[in-house]
Amino acid sequence: MPAVSGATGVLPPAAANVVVEDIYGFLRVLGDGTVLRSPEQPVFCPDTFPSSHPSVQWREAVYDKANNLRVRMYKPSSTAGGGEDARKKLPVLVHFHGGGFCLGSCTWANVHAFCLRLAAEAGAVVLSAGYRLAPEHRLPTAVDDGVGFLRWLSRLSAQSTMDAAADGWLTKAADFGRVFVTGDSAGGTIAHHLAVRAGLAATKRGEVDLDLRPVTVRGYVLLMPFFGGVRRTRSEAECPAEVLLNLDLFDRFWRLSLPAGATRDHHAANPFGPDSPELGSVDFRAPVLVVVGGLDMMRDRTVDYAERLAAMGKPVELVEFAGKPHGFYLHEPGSEATGELIGLVSRFLHSCEARLLD
């Protein structure tokens, strides 16, 4: 691989047909900027993963026609008949997949299998939303698409209250007053930025108006969020080079997803970077659950994130899955550990709902 500046992440000039970035053959960037993507799903998305669940129904829809962005919608079959009584409706989990902002899809088999089980065992409507990927669409595009999805959901919710002819497959099952934003890895980073944008908007200091009524976000779940920084943490520095998700790979993700010339201290990557919003003054209006794996290269950075938020008085809970690597719930969606994770998410939902009754 050509030498890359550690300070700026900028690649040197290269011949047009030379591969200057390669992520396991799934994503290759040529010297002239051409991006080549493999149509195949990666080996960790085998066909043996379940494509259906006996107690879950699912559909797929386009929520942003201009950018061809899709959402997969899952609901427990017990709600198939619907019901207008809000007490019979289910909380909504808006989920953003991972992939270093460069790979991934709501249609990948591992994401699909996890969302099926999440809907069934958490007793929730799950909306797995896609977003535009880098390097074709560098950050903050993915976060902007996250905002766009929440606005789409707000419009859908408003329509369901006004238009009796609206398709009730989703609206009759979903309680839009109990929405939770979740995300895996890069999707967890999106969830963080959405929480910060909502907090800034609430104090009139944000650039984006996030009035989503009648949708109300009651909590955020960050599953092993993908954060970065120029200064290495101990868990990053000690990560074995031979593992699939290693430091070199994550550095490549940042080079490809951050604005050209930006370092890993850019506010999109580092919540505590020099140009990042001062989180102490951000109004975290809903509780945040942060999940980390004991063997995750990102462990130390994620623990530091949660501990610093807690020290600021923010409503944050940190849970560590000892001995588990980054994204274990996607590599083994049927495992006991994944079931424990979903149980944790379910309890978090109920605890947030209990706050409404206090």
# chains A, B, ... in the order shown; residues from 1 in each chain; ligands from 1
>>> residues_around(residues="Pro225 in chain A", least_positions_apart="5", cutoff="6 Å", atoms="only C-alpha atoms", output="VMD selection string")
chain A and resid 185 to 186 188 to 189
>>> select_by_dssp(residues="range 118-300 of chain A", states="strand (DSSP E)", output="ChimeraX atom specification")
/A:125-129,174-184,217-223,288-293
>>> residues_around(residues="Thr107 in chain A", least_positions_apart="6", cutoff="12 Å", atoms="only C-alpha atoms", output="JSON, numbers by chain")
{"A": [40, 41, 45, 51, 58, 59, 60, 61, 69, 70, 71, 72, 73, 96, 97, 113, 114, 115, 116, 127, 128, 129, 130, 131]}
>>> write_last_selection(atoms="N, CA, C and O atoms", output="short mmCIF file (atom, residue, chain, number, x, y, z; two decimals), in the first residue's frame")
data_model
loop_
_atom_site.label_atom_id
_atom_site.label_comp_id
_atom_site.auth_asym_id
_atom_site.auth_seq_id
_atom_site.Cartn_x
_atom_site.Cartn_y
_atom_site.Cartn_z
N GLU A 40 -20.85 -9.09 -3.83
CA GLU A 40 -21.01 -10.22 -2.93
C GLU A 40 -21.06 -9.78 -1.48
O GLU A 40 -20.44 -8.79 -1.09
N GLN A 41 -21.81 -10.53 -0.68
CA GLN A 41 -21.79 -10.31 0.75
C GLN A 41 -20.54 -10.97 1.33
O GLN A 41 -20.05 -11.97 0.82
N CYS A 45 -21.30 -13.22 6.47
CA CYS A 45 -22.75 -13.14 6.26
C CYS A 45 -23.22 -14.41 5.54
O CYS A 45 -23.72 -14.35 4.41
N SER A 51 -33.18 -16.34 7.72
CA SER A 51 -33.76 -15.24 6.93
C SER A 51 -35.18 -14.94 7.36
O SER A 51 -35.81 -14.01 6.84
N TRP A 58 -41.72 -9.12 8.45
CA TRP A 58 -40.86 -8.02 8.03
C TRP A 58 -41.18 -7.59 6.61
O TRP A 58 -41.72 -8.35 5.80
N ARG A 59 -40.87 -6.33 6.35
CA ARG A 59 -41.04 -5.73 5.02
C ARG A 59 -39.84 -4.84 4.73
O ARG A 59 -39.08 -4.47 5.64
N GLU A 60 -39.70 -4.48 3.47
CA GLU A 60 -38.65 -3.54 3.07
C GLU A 60 -39.29 -2.40 2.29
O GLU A 60 -40.24 -2.62 1.52
N ALA A 61 -38.78 -1.19 2.50
CA ALA A 61 -39.34 -0.02 1.81
C ALA A 61 -38.21 0.96 1.51
O ALA A 61 -37.11 0.87 2.08
N LEU A 69 -32.39 5.01 -0.54
CA LEU A 69 -32.10 4.50 0.79
C LEU A 69 -33.27 3.66 1.29
O LEU A 69 -34.43 4.09 1.22
N ARG A 70 -32.95 2.49 1.80
CA ARG A 70 -33.97 1.53 2.16
C ARG A 70 -34.03 1.32 3.67
O ARG A 70 -33.07 1.59 4.40
N VAL A 71 -35.15 0.81 4.11
CA VAL A 71 -35.34 0.43 5.50
C VAL A 71 -36.02 -0.93 5.54
O VAL A 71 -36.96 -1.19 4.78
N ARG A 72 -35.53 -1.81 6.40
CA ARG A 72 -36.21 -3.07 6.67
C ARG A 72 -36.95 -2.91 7.99
O ARG A 72 -36.38 -2.50 8.99
N MET A 73 -38.23 -3.27 7.96
CA MET A 73 -39.12 -3.07 9.10
C MET A 73 -39.54 -4.43 9.64
O MET A 73 -39.98 -5.30 8.89
N PHE A 96 -29.16 1.43 13.10
CA PHE A 96 -28.21 1.74 12.03
C PHE A 96 -27.08 0.71 12.07
O PHE A 96 -26.46 0.50 13.11
N HIS A 97 -26.81 0.10 10.93
CA HIS A 97 -25.78 -0.95 10.84
C HIS A 97 -24.38 -0.34 10.93
O HIS A 97 -24.18 0.87 10.81
N ALA A 113 -30.47 -11.11 10.36
CA ALA A 113 -30.70 -12.14 11.38
C ALA A 113 -30.74 -11.52 12.77
O ALA A 113 -31.57 -11.91 13.61
N PHE A 114 -29.86 -10.56 13.03
CA PHE A 114 -29.85 -9.90 14.33
C PHE A 114 -31.15 -9.12 14.56
O PHE A 114 -31.74 -9.18 15.65
N CYS A 115 -31.61 -8.41 13.55
CA CYS A 115 -32.83 -7.61 13.70
C CYS A 115 -34.07 -8.49 13.89
O CYS A 115 -35.00 -8.11 14.63
N LEU A 116 -34.11 -9.65 13.23
CA LEU A 116 -35.21 -10.58 13.44
C LEU A 116 -35.29 -10.98 14.91
O LEU A 116 -36.36 -10.94 15.53
N LEU A 127 -36.67 -0.94 13.07
CA LEU A 127 -36.54 -0.29 11.76
C LEU A 127 -35.06 -0.18 11.45
O LEU A 127 -34.35 0.65 12.02
N SER A 128 -34.58 -1.04 10.56
CA SER A 128 -33.16 -1.11 10.21
C SER A 128 -32.93 -0.25 8.97
O SER A 128 -33.29 -0.65 7.85
N ALA A 129 -32.33 0.92 9.17
CA ALA A 129 -32.25 1.92 8.10
C ALA A 129 -30.86 1.96 7.47
O ALA A 129 -29.84 1.93 8.15
N GLY A 130 -30.84 2.03 6.14
CA GLY A 130 -29.60 2.21 5.43
C GLY A 130 -29.21 3.67 5.35
O GLY A 130 -30.00 4.57 5.65
N TYR A 131 -27.96 3.92 4.95
CA TYR A 131 -27.46 5.28 4.77
C TYR A 131 -26.37 5.25 3.72
O TYR A 131 -25.81 4.20 3.40
#
>>> select_by_dssp(residues="range 15-187 of chain A", states="helix (DSSP H, G or I)", output="ChimeraX atom specification")
/A:77-79,86-88,109-122,141-162,168-171,186-187
>>> write_last_selection(atoms="N, CA and C atoms", output="short mmCIF file (atom, residue, chain, number, x, y, z; two decimals), in the first residue's frame")
data_model
loop_
_atom_site.label_atom_id
_atom_site.label_comp_id
_atom_site.auth_asym_id
_atom_site.auth_seq_id
_atom_site.Cartn_x
_atom_site.Cartn_y
_atom_site.Cartn_z
N SER A 77 -45.15 -10.89 15.34
CA SER A 77 -46.40 -11.30 14.69
C SER A 77 -47.61 -11.09 15.57
N SER A 78 -47.42 -11.03 16.87
CA SER A 78 -48.55 -10.84 17.78
C SER A 78 -49.23 -9.50 17.56
N THR A 79 -48.55 -8.57 16.86
CA THR A 79 -49.15 -7.26 16.60
C THR A 79 -49.73 -7.19 15.20
N ALA A 86 -52.84 2.90 22.11
CA ALA A 86 -51.39 3.06 22.22
C ALA A 86 -50.79 2.11 23.25
N ARG A 87 -51.58 1.69 24.23
CA ARG A 87 -51.05 0.79 25.25
C ARG A 87 -50.76 -0.59 24.67
N LYS A 88 -51.35 -0.93 23.53
CA LYS A 88 -51.11 -2.21 22.89
C LYS A 88 -50.00 -2.13 21.85
N ALA A 109 -27.04 -10.40 5.51
CA ALA A 109 -27.65 -11.51 6.23
C ALA A 109 -27.42 -11.43 7.73
N ASN A 110 -26.24 -10.96 8.14
CA ASN A 110 -25.99 -10.91 9.59
C ASN A 110 -26.82 -9.81 10.26
N VAL A 111 -26.97 -8.66 9.60
CA VAL A 111 -27.79 -7.58 10.14
C VAL A 111 -29.25 -8.02 10.19
N HIS A 112 -29.69 -8.66 9.13
CA HIS A 112 -31.08 -9.13 9.04
C HIS A 112 -31.38 -10.14 10.16
N ALA A 113 -30.47 -11.11 10.36
CA ALA A 113 -30.70 -12.14 11.38
C ALA A 113 -30.74 -11.52 12.77
N PHE A 114 -29.86 -10.56 13.03
CA PHE A 114 -29.85 -9.90 14.33
C PHE A 114 -31.15 -9.12 14.56
N CYS A 115 -31.61 -8.41 13.55
CA CYS A 115 -32.83 -7.61 13.70
C CYS A 115 -34.07 -8.49 13.89
N LEU A 116 -34.11 -9.65 13.23
CA LEU A 116 -35.21 -10.58 13.44
C LEU A 116 -35.29 -10.98 14.91
N ARG A 117 -34.15 -11.37 15.47
CA ARG A 117 -34.13 -11.81 16.86
C ARG A 117 -34.39 -10.64 17.81
N LEU A 118 -33.86 -9.48 17.47
CA LEU A 118 -34.07 -8.29 18.29
C LEU A 118 -35.55 -7.97 18.41
N ALA A 119 -36.27 -8.00 17.29
CA ALA A 119 -37.71 -7.70 17.31
C ALA A 119 -38.46 -8.74 18.12
N ALA A 120 -38.10 -10.02 17.94
CA ALA A 120 -38.82 -11.10 18.62
C ALA A 120 -38.61 -11.06 20.12
N GLU A 121 -37.36 -10.89 20.57
CA GLU A 121 -37.05 -11.05 21.98
C GLU A 121 -37.11 -9.75 22.77
N ALA A 122 -36.96 -8.62 22.10
CA ALA A 122 -37.12 -7.34 22.79
C ALA A 122 -38.57 -6.89 22.78
N THR A 141 -22.26 12.76 5.90
CA THR A 141 -23.42 12.31 5.14
C THR A 141 -24.21 11.23 5.87
N ALA A 142 -23.51 10.25 6.46
CA ALA A 142 -24.22 9.16 7.15
C ALA A 142 -25.08 9.69 8.29
N VAL A 143 -24.55 10.66 9.03
CA VAL A 143 -25.32 11.25 10.13
C VAL A 143 -26.50 12.05 9.57
N ASP A 144 -26.28 12.78 8.50
CA ASP A 144 -27.37 13.53 7.86
C ASP A 144 -28.48 12.59 7.41
N ASP A 145 -28.08 11.42 6.90
CA ASP A 145 -29.10 10.44 6.49
C ASP A 145 -29.85 9.90 7.71
N GLY A 146 -29.16 9.77 8.84
CA GLY A 146 -29.84 9.37 10.07
C GLY A 146 -30.90 10.39 10.46
N VAL A 147 -30.56 11.67 10.35
CA VAL A 147 -31.55 12.73 10.60
C VAL A 147 -32.70 12.60 9.60
N GLY A 148 -32.34 12.35 8.35
CA GLY A 148 -33.36 12.21 7.31
C GLY A 148 -34.32 11.08 7.60
N PHE A 149 -33.79 9.97 8.13
CA PHE A 149 -34.68 8.85 8.45
C PHE A 149 -35.64 9.21 9.57
N LEU A 150 -35.14 9.86 10.62
CA LEU A 150 -36.02 10.24 11.73
C LEU A 150 -37.10 11.21 11.25
N ARG A 151 -36.75 12.08 10.32
CA ARG A 151 -37.77 12.99 9.77
C ARG A 151 -38.79 12.22 8.94
N TRP A 152 -38.34 11.21 8.18
CA TRP A 152 -39.27 10.36 7.43
C TRP A 152 -40.22 9.67 8.40
N LEU A 153 -39.68 9.18 9.52
CA LEU A 153 -40.51 8.51 10.51
C LEU A 153 -41.51 9.50 11.12
N SER A 154 -41.08 10.72 11.34
CA SER A 154 -41.98 11.74 11.88
C SER A 154 -43.13 12.01 10.91
N ARG A 155 -42.80 12.13 9.63
CA ARG A 155 -43.86 12.36 8.62
C ARG A 155 -44.81 11.18 8.57
N LEU A 156 -44.26 9.96 8.64
CA LEU A 156 -45.10 8.76 8.61
C LEU A 156 -46.03 8.73 9.81
N SER A 157 -45.49 9.06 10.97
CA SER A 157 -46.30 9.07 12.19
C SER A 157 -47.40 10.11 12.11
N ALA A 158 -47.07 11.30 11.62
CA ALA A 158 -48.07 12.36 11.50
C ALA A 158 -49.17 11.96 10.53
N GLN A 159 -48.77 11.31 9.44
CA GLN A 159 -49.75 10.87 8.44
C GLN A 159 -50.69 9.83 9.04
N SER A 160 -50.15 8.95 9.88
CA SER A 160 -50.97 7.87 10.44
C SER A 160 -52.04 8.43 11.36
N THR A 161 -51.82 9.59 11.93
CA THR A 161 -52.81 10.18 12.83
C THR A 161 -53.85 11.00 12.08
N MET A 162 -53.56 11.29 10.81
CA MET A 162 -54.46 12.15 10.05
C MET A 162 -55.14 11.45 8.88
N GLY A 168 -51.47 0.64 7.39
CA GLY A 168 -51.32 0.48 8.83
C GLY A 168 -50.40 -0.65 9.25
N TRP A 169 -49.69 -1.28 8.30
CA TRP A 169 -48.82 -2.41 8.66
C TRP A 169 -47.84 -2.01 9.76
N LEU A 170 -47.24 -0.85 9.62
CA LEU A 170 -46.29 -0.37 10.62
C LEU A 170 -46.97 0.50 11.67
N THR A 171 -47.79 1.42 11.24
CA THR A 171 -48.30 2.44 12.16
C THR A 171 -49.25 1.87 13.22
N ALA A 186 -20.19 1.71 13.57
CA ALA A 186 -20.41 3.02 12.96
C ALA A 186 -21.84 3.49 13.17
N GLY A 187 -22.78 2.54 13.22
CA GLY A 187 -24.16 2.91 13.51
C GLY A 187 -24.31 3.46 14.92
#
>>> closest_residue(among="A:Val43, A:Ala262, A:Ala337, A:Val19", to="Val230 in chain A", atoms="only C-alpha atoms")
A:Ala262
>>> residues_around(residues="Asp251 in chain A", least_positions_apart="4", cutoff="9 Å", atoms="only C-alpha atoms", output="list in words")
Gly9, Gly228, Asn246, Leu247, Arg255, Leu256 and Arg264 of chain A
>>> write_last_selection(atoms="N, CA and C atoms", output="JSON list (two decimals), in the first residue's frame")
[["chain", "number", "residue", "atom", "x", "y", "z"],
["A", 9, "GLY", "N", -3.95, 11.80, 6.67],
["A", 9, "GLY", "CA", -4.64, 10.72, 5.98],
["A", 9, "GLY", "C", -4.70, 10.90, 4.49],
["A", 228, "GLY", "N", -12.76, 7.36, 17.10],
["A", 228, "GLY", "CA", -11.35, 7.41, 16.75],
["A", 228, "GLY", "C", -10.65, 8.56, 17.43],
["A", 246, "ASN", "N", -8.74, -5.18, 12.73],
["A", 246, "ASN", "CA", -7.51, -4.71, 13.36],
["A", 246, "ASN", "C", -7.35, -3.20, 13.19],
["A", 247, "LEU", "N", -6.28, -2.67, 13.75],
["A", 247, "LEU", "CA", -6.06, -1.23, 13.76],
["A", 247, "LEU", "C", -5.86, -0.68, 12.35],
["A", 255, "ARG", "N", -9.70, 6.94, 6.96],
["A", 255, "ARG", "CA", -9.15, 7.66, 5.80],
["A", 255, "ARG", "C", -10.20, 7.81, 4.70],
["A", 256, "LEU", "N", -11.02, 6.79, 4.56],
["A", 256, "LEU", "CA", -12.00, 6.78, 3.48],
["A", 256, "LEU", "C", -13.29, 7.51, 3.84],
["A", 264, "ARG", "N", -8.00, 11.83, 12.57],
["A", 264, "ARG", "CA", -8.94, 11.07, 13.40],
["A", 264, "ARG", "C", -9.45, 11.87, 14.60]]
>>> residues_around(residues="Ala124 in chain A", least_positions_apart="3", cutoff="10 Å", atoms="only C-alpha atoms", output="list in words")
Tyr74, Lys75, Pro76, Thr79, Lys89, Leu90, Pro91, Val92, Leu93, Leu118, Ala119, Ala120, Glu121, Leu127, Ala173, Ala174, Asp175, Val179, Ser346 and Leu349 of chain A
>>> closest_residue(among="A:Phe180, A:Gly98, A:Gly294, A:Gly327", to="Val125 in chain A", atoms="only C-alpha atoms")
A:Phe180
>>> residues_around(residues="Leu27 in chain A", least_positions_apart="4", cutoff="6 Å", atoms="only C-alpha atoms", output="number ranges by chain")
A: 22-23, 36-37
>>> write_last_selection(atoms="N, CA, C and O atoms", output="short mmCIF file (atom, residue, chain, number, x, y, z; two decimals), in the first residue's frame")
data_model
loop_
_atom_site.label_atom_id
_atom_site.label_comp_id
_atom_site.auth_asym_id
_atom_site.auth_seq_id
_atom_site.Cartn_x
_atom_site.Cartn_y
_atom_site.Cartn_z
N ASP A 22 -7.70 -0.85 -0.32
CA ASP A 22 -8.37 -2.12 -0.54
C ASP A 22 -8.84 -2.68 0.79
O ASP A 22 -8.04 -2.92 1.69
N ILE A 23 -10.14 -2.86 0.94
CA ILE A 23 -10.70 -3.44 2.15
C ILE A 23 -11.19 -4.84 1.83
O ILE A 23 -12.33 -5.05 1.40
N LEU A 36 -14.58 0.85 -6.55
CA LEU A 36 -15.07 -0.45 -7.03
C LEU A 36 -15.60 -1.23 -5.84
O LEU A 36 -14.88 -1.45 -4.86
N ARG A 37 -16.86 -1.65 -5.93
CA ARG A 37 -17.48 -2.41 -4.85
C ARG A 37 -17.87 -3.80 -5.33
O ARG A 37 -18.41 -3.96 -6.42
#
>>> atom_distance(atom1="CA of Cys239 in chain A", atom2="CA of Arg299 in chain A")
10.6 Å
>>> closest_residue(among="A:Pro140, A:Pro287, A:Pro135, A:Gly334", to="Glu353 in chain A", atoms="only C-alpha atoms")
A:Pro287
